[in-house]
$ cat entry03.txt   # compact mmCIF, C-alpha atoms and all ligand atoms
# COMPACT_ATOMS: atom_id res chain seq x y z
CA MET A 1 -6.35 -1.15 6.87
CA SER A 2 -3.90 0.73 4.72
CA VAL A 3 -3.72 3.15 1.80
CA ASP A 4 -0.70 3.54 -0.50
CA VAL A 5 -0.74 7.29 -1.16
CA GLU A 6 0.37 7.91 -4.74
CA GLU A 7 -1.03 9.47 -7.91
CA TYR A 8 -2.55 7.43 -10.76
CA PHE A 9 0.44 8.31 -12.96
CA GLN A 10 3.02 7.01 -10.47
CA VAL A 11 2.14 3.31 -10.55
CA TRP A 12 5.05 1.12 -11.54
CA ALA A 13 3.13 -0.58 -14.38
CA PHE A 14 3.02 2.79 -16.16
CA ALA A 15 6.69 3.60 -15.51
CA ARG A 16 7.67 3.35 -19.15
CA SER A 17 4.85 5.66 -20.22
CA THR A 18 5.07 8.24 -17.43
CA SER A 19 8.71 8.99 -16.64
CA ARG A 20 9.49 10.67 -13.34
CA ALA A 21 10.56 13.85 -15.11
CA ASP A 22 7.03 14.16 -16.53
CA TRP A 23 5.12 13.65 -13.27
CA ALA A 24 4.71 17.37 -12.67
CA GLY A 25 2.91 17.68 -16.02
CA PHE A 26 0.00 15.36 -15.13
CA PRO A 27 -3.13 16.82 -13.52
CA SER A 28 -3.19 15.91 -9.83
CA ARG A 29 -6.15 13.84 -8.59
CA ILE A 30 -4.85 12.98 -5.13
CA ARG A 31 -6.93 15.53 -3.20
CA GLU A 32 -10.29 14.31 -4.51
CA SER A 33 -9.51 10.60 -4.41
CA LEU A 34 -8.01 10.71 -0.92
CA GLY A 35 -11.04 12.74 0.13
CA THR A 36 -13.25 9.81 -0.91
CA ALA A 37 -11.14 7.35 1.12
CA LEU A 38 -11.19 9.61 4.17
CA ARG A 39 -14.95 10.07 3.93
CA LEU A 40 -15.55 6.29 3.74
CA PHE A 41 -13.23 5.66 6.71
CA ASP A 42 -14.89 8.42 8.67
CA GLU A 43 -18.40 7.08 7.97
CA ALA A 44 -17.30 3.61 9.13
CA GLY A 45 -15.39 4.91 12.16
CA VAL A 46 -12.17 3.33 10.87
CA LYS A 47 -8.60 4.58 11.44
CA ALA A 48 -6.03 3.46 8.90
CA THR A 49 -2.34 3.64 8.00
CA PHE A 50 -1.41 5.85 5.04
CA PHE A 51 1.86 4.76 3.39
CA THR A 52 2.68 8.06 1.71
CA LEU A 53 5.23 9.04 -0.92
CA GLY A 54 7.62 11.81 0.15
CA TRP A 55 7.02 13.30 -3.32
CA ILE A 56 3.31 13.67 -2.51
CA ALA A 57 3.89 15.07 1.00
CA GLU A 58 6.19 17.77 -0.41
CA ARG A 59 3.52 18.95 -2.81
CA HIS A 60 0.44 18.54 -0.59
CA PRO A 61 1.60 19.09 3.01
CA ASP A 62 -1.83 20.35 4.14
CA LEU A 63 -3.46 17.16 2.87
CA ILE A 64 -1.06 14.92 4.78
CA ARG A 65 -1.49 17.02 7.90
CA SER A 66 -5.26 16.70 7.67
CA ILE A 67 -4.96 12.89 7.46
CA ALA A 68 -2.80 12.89 10.59
CA ASP A 69 -5.16 15.30 12.35
CA ALA A 70 -8.08 12.95 11.62
CA GLY A 71 -6.35 10.29 13.75
CA HIS A 72 -4.78 8.15 11.04
CA GLU A 73 -1.20 6.88 10.99
CA ILE A 74 1.23 8.44 8.51
CA ALA A 75 3.82 5.91 7.31
CA SER A 76 6.32 5.89 4.46
CA HIS A 77 6.03 4.60 0.89
CA GLY A 78 9.52 5.95 0.11
CA TYR A 79 10.24 9.23 -1.70
CA ALA A 80 10.10 8.55 -5.42
CA HIS A 81 8.29 5.20 -5.80
CA ALA A 82 11.36 3.40 -7.14
CA LYS A 83 11.32 -0.37 -6.74
CA ILE A 84 14.02 -1.50 -4.33
CA THR A 85 15.10 -4.12 -6.85
CA GLU A 86 16.25 -1.19 -9.03
CA GLN A 87 18.17 0.63 -6.28
CA SER A 88 21.58 0.19 -4.67
CA GLN A 89 21.70 -0.04 -0.89
CA GLN A 90 22.95 3.55 -0.77
CA GLN A 91 20.18 4.85 -3.06
CA PHE A 92 17.57 3.02 -0.99
CA ARG A 93 18.96 4.44 2.25
CA GLU A 94 18.81 7.97 0.82
CA ASP A 95 15.28 7.48 -0.54
CA VAL A 96 13.78 6.23 2.74
CA THR A 97 15.69 8.72 4.89
CA ARG A 98 14.46 11.60 2.75
CA ALA A 99 10.86 10.36 2.78
CA LYS A 100 10.83 9.82 6.55
CA ALA A 101 12.16 13.32 7.25
CA ILE A 102 9.59 15.00 4.97
CA LEU A 103 6.68 12.93 6.31
CA GLU A 104 7.59 13.59 9.94
CA ASP A 105 8.05 17.29 9.27
CA VAL A 106 4.71 17.60 7.48
CA SER A 107 2.59 15.35 9.73
CA GLY A 108 4.09 16.07 13.13
CA GLN A 109 4.00 12.29 13.73
CA ARG A 110 6.93 9.94 14.17
CA VAL A 111 7.00 7.67 11.13
CA LEU A 112 7.35 4.03 12.18
CA GLY A 113 6.12 2.06 9.19
CA TYR A 114 7.28 1.55 5.62
CA ARG A 115 5.85 -0.18 2.55
CA ALA A 116 8.01 -0.89 -0.48
CA PRO A 117 6.75 0.25 -3.89
CA SER A 118 5.38 -2.82 -5.72
CA PHE A 119 6.16 -5.02 -2.67
CA SER A 120 9.74 -5.08 -3.95
CA ILE A 121 11.42 -6.77 -0.99
CA GLY A 122 12.18 -10.44 -1.61
CA THR A 123 14.81 -13.14 -1.37
CA ASP A 124 17.47 -11.13 -3.24
CA ASN A 125 17.30 -7.91 -1.24
CA LEU A 126 16.42 -8.75 2.35
CA TRP A 127 19.19 -6.25 3.26
CA ALA A 128 16.45 -3.63 2.77
CA LEU A 129 14.91 -4.70 6.09
CA ASP A 130 18.21 -3.93 7.88
CA VAL A 131 18.42 -0.52 6.19
CA LEU A 132 14.88 0.26 7.29
CA HIS A 133 15.73 -0.68 10.84
CA GLU A 134 18.92 1.39 10.83
CA THR A 135 17.02 4.42 9.53
CA GLY A 136 14.57 4.31 12.44
CA HIS A 137 11.60 2.37 11.06
CA GLU A 138 9.94 -0.11 13.41
CA TYR A 139 7.96 -2.15 10.92
CA SER A 140 7.75 -2.88 7.23
CA SER A 141 4.77 -4.22 5.27
CA SER A 142 6.56 -4.93 2.03
CA ILE A 143 6.62 -8.66 1.34
CA TYR A 144 3.85 -10.45 -0.56
CA PRO A 145 4.25 -14.23 -0.03
CA VAL A 146 2.80 -15.09 -3.46
CA VAL A 147 3.94 -15.94 -6.97
CA HIS A 148 3.33 -12.90 -9.21
CA ASP A 149 4.97 -11.59 -12.37
CA HIS A 150 6.10 -8.29 -10.80
CA TYR A 151 6.76 -9.14 -7.15
CA GLY A 152 6.42 -11.77 -4.46
CA MET A 153 8.40 -14.01 -2.10
CA PRO A 154 6.35 -17.21 -1.90
CA SER A 155 8.74 -18.76 0.63
CA ALA A 156 8.22 -15.96 3.19
CA SER A 157 6.14 -16.45 6.31
CA ARG A 158 2.50 -15.48 5.80
CA PHE A 159 2.37 -13.83 9.22
CA PRO A 160 4.40 -11.08 10.98
CA PHE A 161 8.03 -12.05 11.62
CA ARG A 162 11.49 -10.72 12.45
CA LEU A 163 14.38 -12.05 10.36
CA ALA A 164 16.67 -11.74 13.37
CA PRO A 165 15.89 -11.21 17.05
CA GLY A 166 15.65 -7.47 17.67
CA GLY A 167 15.34 -6.76 13.93
CA ILE A 168 12.54 -4.86 12.22
CA LEU A 169 9.06 -6.41 12.23
CA GLU A 170 7.89 -7.45 8.75
CA ILE A 171 4.12 -7.63 8.34
CA PRO A 172 3.48 -9.48 5.06
CA MET A 173 0.47 -8.81 2.86
CA SER A 174 -2.43 -11.18 3.49
CA THR A 175 -2.83 -14.43 1.65
CA ALA A 176 -5.24 -17.33 1.74
CA ASN A 177 -3.50 -20.70 1.83
CA VAL A 178 -5.54 -23.01 -0.38
CA PHE A 179 -4.29 -26.57 -1.02
CA GLY A 180 -0.77 -25.48 -0.05
CA LYS A 181 -0.72 -22.46 -2.38
CA ASN A 182 -0.79 -18.83 -1.25
CA LEU A 183 -3.45 -16.78 -2.99
CA PRO A 184 -3.37 -12.99 -2.59
CA CYS A 185 -6.18 -11.47 -0.54
CA GLY A 186 -4.57 -8.19 0.53
CA GLY A 187 -6.46 -5.87 -1.82
CA GLY A 188 -5.19 -3.85 -4.79
CA GLY A 189 -6.19 -5.01 -8.26
CA TYR A 190 -7.50 -8.35 -6.97
CA PHE A 191 -10.10 -6.51 -4.93
CA ARG A 192 -11.53 -5.10 -8.16
CA LEU A 193 -11.12 -8.28 -10.17
CA MET A 194 -12.31 -11.01 -7.78
CA PRO A 195 -15.82 -11.35 -6.34
CA TYR A 196 -16.25 -9.54 -3.02
CA ASN A 197 -17.22 -12.83 -1.35
CA TYR A 198 -13.73 -14.23 -1.94
CA PHE A 199 -12.31 -11.45 0.21
CA ARG A 200 -14.92 -11.86 2.90
CA TRP A 201 -14.28 -15.62 3.02
CA SER A 202 -10.49 -15.32 3.10
CA ILE A 203 -10.36 -12.53 5.70
CA ARG A 204 -12.83 -14.34 7.92
CA ARG A 205 -10.69 -17.47 7.67
CA LEU A 206 -7.56 -15.49 8.61
CA ASN A 207 -9.33 -13.99 11.61
CA GLU A 208 -11.30 -16.93 12.89
CA VAL A 209 -9.38 -20.04 11.86
CA GLU A 210 -5.79 -18.77 11.84
CA GLY A 211 -6.20 -16.13 14.56
CA GLN A 212 -4.44 -13.45 12.48
CA SER A 213 -5.17 -9.89 11.48
CA SER A 214 -5.72 -9.19 7.80
CA ILE A 215 -3.54 -6.63 5.99
CA PHE A 216 -5.56 -4.83 3.34
CA TYR A 217 -4.42 -2.03 1.00
CA LEU A 218 -5.86 0.19 -1.65
CA HIS A 219 -4.73 3.20 -3.68
CA PRO A 220 -6.58 6.52 -3.83
CA TRP A 221 -6.75 6.26 -7.63
CA GLU A 222 -8.80 3.05 -7.26
CA LEU A 223 -11.60 5.26 -5.91
CA ASP A 224 -11.38 7.64 -8.88
CA PRO A 225 -13.15 6.14 -11.93
CA ASP A 226 -12.87 9.45 -13.82
CA GLN A 227 -9.06 9.71 -13.67
CA PRO A 228 -7.32 10.68 -16.93
CA ARG A 229 -6.32 7.60 -18.96
CA ILE A 230 -2.66 6.84 -19.68
CA LYS A 231 -2.99 6.09 -23.37
CA ASN A 232 0.38 4.71 -24.45
CA ALA A 233 0.79 2.17 -21.61
CA PRO A 234 0.88 -1.58 -22.35
CA LEU A 235 -2.53 -3.20 -22.75
CA LYS A 236 -2.02 -5.59 -19.81
CA SER A 237 -1.13 -2.69 -17.50
CA ARG A 238 -4.14 -0.71 -18.65
CA MET A 239 -6.46 -3.67 -18.11
CA ARG A 240 -5.17 -4.21 -14.58
CA HIS A 241 -5.34 -0.54 -13.72
CA TYR A 242 -8.77 0.31 -15.09
CA VAL A 243 -10.80 -2.85 -14.42
CA ASN A 244 -13.85 -2.24 -12.20
CA LEU A 245 -12.68 1.15 -10.88
CA ASP A 246 -16.32 2.12 -10.44
CA LYS A 247 -16.86 -0.83 -8.08
CA THR A 248 -14.13 -0.07 -5.52
CA GLU A 249 -16.15 2.39 -3.45
CA GLY A 250 -19.11 0.06 -2.91
CA ARG A 251 -16.90 -2.93 -2.16
CA LEU A 252 -14.77 -0.94 0.28
CA ARG A 253 -17.89 0.23 2.05
CA ARG A 254 -18.91 -3.42 2.57
CA LEU A 255 -15.44 -4.43 3.70
CA LEU A 256 -15.31 -1.63 6.27
CA ALA A 257 -18.69 -2.70 7.63
CA ASP A 258 -18.04 -6.46 7.64
CA PHE A 259 -14.82 -6.39 9.74
CA ARG A 260 -13.12 -4.32 12.43
CA TRP A 261 -10.12 -2.32 11.13
CA ASP A 262 -7.43 -0.14 12.68
CA ARG A 263 -4.04 1.55 12.14
CA MET A 264 -1.18 -0.89 11.74
CA ASP A 265 0.97 0.62 14.51
CA ARG A 266 -1.88 0.15 16.95
CA ILE A 267 -2.44 -3.49 15.99
CA PHE A 268 1.14 -4.67 15.63
CA LEU A 269 3.28 -2.41 17.82
CA GLY A 270 0.81 -2.00 20.66
CA ASP A 271 1.58 1.70 20.31
CA CYS A 272 -0.85 4.43 19.42
CA SER A 273 1.44 7.34 20.20
CA GLY A 274 2.18 7.67 16.48
ZN ZN B 301 2.91 2.27 -4.58

$ encode --input "entry03.txt" --output "structure tokens"
Amino acid sequence: MSVDVEEYFQVWAFARSTSRADWAGFPSRIRESLGTALRLFDEAGVKATFFTLGWIAERHPDLIRSIADAGHEIASHGYAHAKITEQSQQQFREDVTRAKAILEDVSGQRVLGYRAPSFSIGTDNLWALDVLHETGHEYSSSIYPVVHDHYGMPSASRFPFRLAPGGILEIPMSTANVFGKNLPCGGGGYFRLMPYNYFRWSIRRLNEVEGQSSIFYLHPWELDPDQPRIKNAPLKSRMRHYVNLDKTEGRLRRLLADFRWDRMDRIFLGDCSG
């Protein structure tokens, strides 16, 4: 179970409407929305991995510390939420190094995991996995083996793999393979759009038929139906962002009860030292 810790105004789909220079001007909602996620996890007895932006940890260190203190894993979502496809190798190295240092300083945990903004690791920039390894990360959960207009590497393995022996472990987002096609079942917007039963069916199939763990993710803003609306964003982005926000909490409650969940380091690294 994982959470991508970012504000509602930092999603890539709104990037043209909410430039980075303006971020500080938006009202923050992270405290309340993360509070909802933490409460639901606590009620279900679930520990999760929080892929957190360095930008957020700098501004809310007490919040990140309280997540770590509650027994969850703090991992990295990079510093400034830039897609890797828009960064040079040097820029990417600086971004992830900066984020890791801030997150470790604030949480008191060693940061082992990384998730790329918008799942932006694919065929053209697999060098990013080497950079992550060189900068001290032990796993990445950044590749979505699906066809999608903004991301995706349909040719990637659907299950955890290392590109080279001794390289970083990549833990791809979950998919259901139906008639030879990979359908996304890892959470995000699909969790709000598709019927809950699709997720229950596909996760059960992963667990019981394929013998694999499911990787699920959500954003704090998906638990915040009252968030301020970004008015000048493209219609398609607004539809994707705002659809069924009021349903996430109830669906997540069911998902937490229907399956067993844990931190990613504990499941995939056999390591709970954090
Ligand atoms: Zn993100």

$ atom_distance --input "entry03.txt" --atom1 "CA of Arg16 in chain A" --atom2 "CA of Pro172 in chain A"
27.7 Å

$ closest_residue --input "entry03.txt" --among "A:Asn182, A:Ser66, A:Ser28, A:Ser118" --to "ligand ZN 301 (chain B)" --atoms "only C-alpha atoms and all ligand atoms"
A:Ser118

$ atom_distance --input "entry03.txt" --atom1 "CA of Thr36 in chain A" --atom2 "CA of Gln10 in chain A"
19.1 Å

$ residues_near_ligand --input "entry03.txt" --ligand "ligand ZN 301 (chain B)" --cutoff "9 Å" --atoms "only C-alpha atoms and all ligand atoms" --output "ChimeraX atom specification"
/A:4-7,10-12,51-53,77-78,81-82,115-119,219

$ atom_distance --input "entry03.txt" --atom1 "CA of Glu104 in chain A" --atom2 "CA of His60 in chain A"
13.7 Å

$ residues_near_point --input "entry03.txt" --point "(-0.9, -3.2, -18.8)" --cutoff "12 Å" --atoms "only C-alpha atoms" --output "list in words"
Val11, Trp12, Ala13, Phe14, Ala15, Arg16, Ser17, His150, Gly189, Ile230, Lys231, Asn232, Ala233, Pro234, Leu235, Lys236, Ser237, Arg238, Met239, Arg240, His241, Tyr242 and Val243 of chain A

$ write_last_selection --input "entry03.txt" --atoms "C-alpha atoms" --output "PDB file, keeping the file's coordinate frame"
ATOM      1  CA  VAL A  11       2.140   3.310 -10.550  1.00  0.00           C
ATOM      2  CA  TRP A  12       5.050   1.120 -11.540  1.00  0.00           C
ATOM      3  CA  ALA A  13       3.130  -0.580 -14.380  1.00  0.00           C
ATOM      4  CA  PHE A  14       3.020   2.790 -16.160  1.00  0.00           C
ATOM      5  CA  ALA A  15       6.690   3.600 -15.510  1.00  0.00           C
ATOM      6  CA  ARG A  16       7.670   3.350 -19.150  1.00  0.00           C
ATOM      7  CA  SER A  17       4.850   5.660 -20.220  1.00  0.00           C
ATOM      8  CA  HIS A 150       6.100  -8.290 -10.800  1.00  0.00           C
ATOM      9  CA  GLY A 189      -6.190  -5.010  -8.260  1.00  0.00           C
ATOM     10  CA  ILE A 230      -2.660   6.840 -19.680  1.00  0.00           C
ATOM     11  CA  LYS A 231      -2.990   6.090 -23.370  1.00  0.00           C
ATOM     12  CA  ASN A 232       0.380   4.710 -24.450  1.00  0.00           C
ATOM     13  CA  ALA A 233       0.790   2.170 -21.610  1.00  0.00           C
ATOM     14  CA  PRO A 234       0.880  -1.580 -22.350  1.00  0.00           C
ATOM     15  CA  LEU A 235      -2.530  -3.200 -22.750  1.00  0.00           C
ATOM     16  CA  LYS A 236      -2.020  -5.590 -19.810  1.00  0.00           C
ATOM     17  CA  SER A 237      -1.130  -2.690 -17.500  1.00  0.00           C
ATOM     18  CA  ARG A 238      -4.140  -0.710 -18.650  1.00  0.00           C
ATOM     19  CA  MET A 239      -6.460  -3.670 -18.110  1.00  0.00           C
ATOM     20  CA  ARG A 240      -5.170  -4.210 -14.580  1.00  0.00           C
ATOM     21  CA  HIS A 241      -5.340  -0.540 -13.720  1.00  0.00           C
ATOM     22  CA  TYR A 242      -8.770   0.310 -15.090  1.00  0.00           C
ATOM     23  CA  VAL A 243     -10.800  -2.850 -14.420  1.00  0.00           C
TER      24      VAL A 243
END

$ residues_around --input "entry03.txt" --residues "Ser174 in chain A" --least-positions-apart "4" --cutoff "12 Å" --atoms "only C-alpha atoms" --output "ChimeraX atom specification"
/A:1,141-146,152,154,156-160,182-188,190,199,202-207,210,212-217

$ closest_residue --input "entry03.txt" --among "A:Arg192, A:Arg39, A:Arg65, A:Arg110" --to "Leu245 in chain A" --atoms "all atoms listed in the file"
A:Arg192

$ closest_residue --input "entry03.txt" --among "A:Ile102, A:Ala24, A:Ile30, A:Ala164" --to "Gly54 in chain A" --atoms "all atoms listed in the file"
A:Ile102

$ residues_around --input "entry03.txt" --residues "range 251-264 of chain A" --least-positions-apart "2" --cutoff "9 Å" --atoms "all atoms listed in the file" --output "JSON, numbers by chain"
{"A": [1, 2, 40, 41, 44, 45, 46, 47, 48, 49, 50, 72, 73, 113, 191, 192, 196, 199, 200, 203, 204, 214, 215, 247, 248, 249, 266, 267, 268, 269, 272]}

$ closest_residue --input "entry03.txt" --among "A:Ala37, A:Ile168, A:Leu193, A:Leu63" --to "Glu134 in chain A" --atoms "only C-alpha atoms"
A:Ile168

$ build_atoms --input "entry03.txt" --residues "range 102-122 of chain A" --atoms "N, CA, C and O atoms" --output "mmCIF file, in the coordinates of the input"
data_model
loop_
_atom_site.group_PDB
_atom_site.id
_atom_site.type_symbol
_atom_site.label_atom_id
_atom_site.label_comp_id
_atom_site.auth_asym_id
_atom_site.auth_seq_id
_atom_site.Cartn_x
_atom_site.Cartn_y
_atom_site.Cartn_z
ATOM 1 N N ILE A 102 10.666 14.142 5.508
ATOM 2 C CA ILE A 102 9.590 15.000 4.970
ATOM 3 C C ILE A 102 8.261 14.656 5.654
ATOM 4 O O ILE A 102 7.520 15.543 6.092
ATOM 5 N N LEU A 103 7.965 13.361 5.758
ATOM 6 C CA LEU A 103 6.680 12.930 6.310
ATOM 7 C C LEU A 103 6.550 13.323 7.787
ATOM 8 O O LEU A 103 5.472 13.738 8.238
ATOM 9 N N GLU A 104 7.642 13.224 8.522
ATOM 10 C CA GLU A 104 7.590 13.590 9.940
ATOM 11 C C GLU A 104 7.438 15.100 10.090
ATOM 12 O O GLU A 104 6.695 15.598 10.932
ATOM 13 N N ASP A 105 8.127 15.832 9.231
ATOM 14 C CA ASP A 105 8.050 17.290 9.270
ATOM 15 C C ASP A 105 6.625 17.753 8.968
ATOM 16 O O ASP A 105 6.060 18.597 9.654
ATOM 17 N N VAL A 106 6.031 17.175 7.950
ATOM 18 C CA VAL A 106 4.710 17.600 7.480
ATOM 19 C C VAL A 106 3.597 17.148 8.428
ATOM 20 O O VAL A 106 2.657 17.889 8.696
ATOM 21 N N SER A 107 3.705 15.921 8.943
ATOM 22 C CA SER A 107 2.590 15.350 9.730
ATOM 23 C C SER A 107 2.685 15.651 11.215
ATOM 24 O O SER A 107 1.690 15.598 11.935
ATOM 25 N N GLY A 108 3.905 15.919 11.692
ATOM 26 C CA GLY A 108 4.090 16.070 13.130
ATOM 27 C C GLY A 108 4.052 14.747 13.872
ATOM 28 O O GLY A 108 4.073 14.709 15.093
ATOM 29 N N GLN A 109 3.976 13.623 13.123
ATOM 30 C CA GLN A 109 4.000 12.290 13.730
ATOM 31 C C GLN A 109 5.367 11.670 13.528
ATOM 32 O O GLN A 109 6.041 11.962 12.549
ATOM 33 N N ARG A 110 5.754 10.757 14.434
ATOM 34 C CA ARG A 110 6.930 9.940 14.170
ATOM 35 C C ARG A 110 6.529 8.856 13.185
ATOM 36 O O ARG A 110 5.496 8.211 13.352
ATOM 37 N N VAL A 111 7.318 8.661 12.139
ATOM 38 C CA VAL A 111 7.000 7.670 11.130
ATOM 39 C C VAL A 111 7.664 6.340 11.490
ATOM 40 O O VAL A 111 8.884 6.252 11.579
ATOM 41 N N LEU A 112 6.837 5.322 11.728
ATOM 42 C CA LEU A 112 7.350 4.030 12.180
ATOM 43 C C LEU A 112 7.302 2.966 11.092
ATOM 44 O O LEU A 112 8.078 2.022 11.105
ATOM 45 N N GLY A 113 6.381 3.114 10.165
ATOM 46 C CA GLY A 113 6.120 2.060 9.190
ATOM 47 C C GLY A 113 6.591 2.405 7.795
ATOM 48 O O GLY A 113 6.724 3.577 7.426
ATOM 49 N N TYR A 114 6.825 1.383 7.007
ATOM 50 C CA TYR A 114 7.280 1.550 5.620
ATOM 51 C C TYR A 114 6.662 0.465 4.751
ATOM 52 O O TYR A 114 6.548 -0.690 5.185
ATOM 53 N N ARG A 115 6.258 0.835 3.537
ATOM 54 C CA ARG A 115 5.850 -0.180 2.550
ATOM 55 C C ARG A 115 6.613 0.055 1.249
ATOM 56 O O ARG A 115 6.625 1.165 0.712
ATOM 57 N N ALA A 116 7.229 -1.001 0.744
ATOM 58 C CA ALA A 116 8.010 -0.890 -0.480
ATOM 59 C C ALA A 116 7.111 -0.721 -1.698
ATOM 60 O O ALA A 116 6.085 -1.396 -1.803
ATOM 61 N N PRO A 117 7.479 0.168 -2.634
ATOM 62 C CA PRO A 117 6.750 0.250 -3.890
ATOM 63 C C PRO A 117 6.723 -1.129 -4.565
ATOM 64 O O PRO A 117 7.743 -1.828 -4.598
ATOM 65 N N SER A 118 5.563 -1.525 -5.051
ATOM 66 C CA SER A 118 5.380 -2.820 -5.720
ATOM 67 C C SER A 118 5.877 -3.998 -4.888
ATOM 68 O O SER A 118 6.371 -4.986 -5.444
ATOM 69 N N PHE A 119 5.762 -3.901 -3.561
ATOM 70 C CA PHE A 119 6.160 -5.020 -2.670
ATOM 71 C C PHE A 119 7.527 -5.576 -3.081
ATOM 72 O O PHE A 119 7.726 -6.790 -3.176
ATOM 73 N N SER A 120 8.488 -4.661 -3.304
ATOM 74 C CA SER A 120 9.740 -5.080 -3.950
ATOM 75 C C SER A 120 10.833 -5.506 -2.964
ATOM 76 O O SER A 120 12.009 -5.296 -3.214
ATOM 77 N N ILE A 121 10.437 -6.102 -1.839
ATOM 78 C CA ILE A 121 11.420 -6.770 -0.990
ATOM 79 C C ILE A 121 11.188 -8.275 -1.128
ATOM 80 O O ILE A 121 10.053 -8.753 -1.015
ATOM 81 N N GLY A 122 12.280 -8.993 -1.417
ATOM 82 C CA GLY A 122 12.180 -10.440 -1.610
ATOM 83 C C GLY A 122 13.508 -11.096 -1.291
ATOM 84 O O GLY A 122 14.396 -10.490 -0.686
#
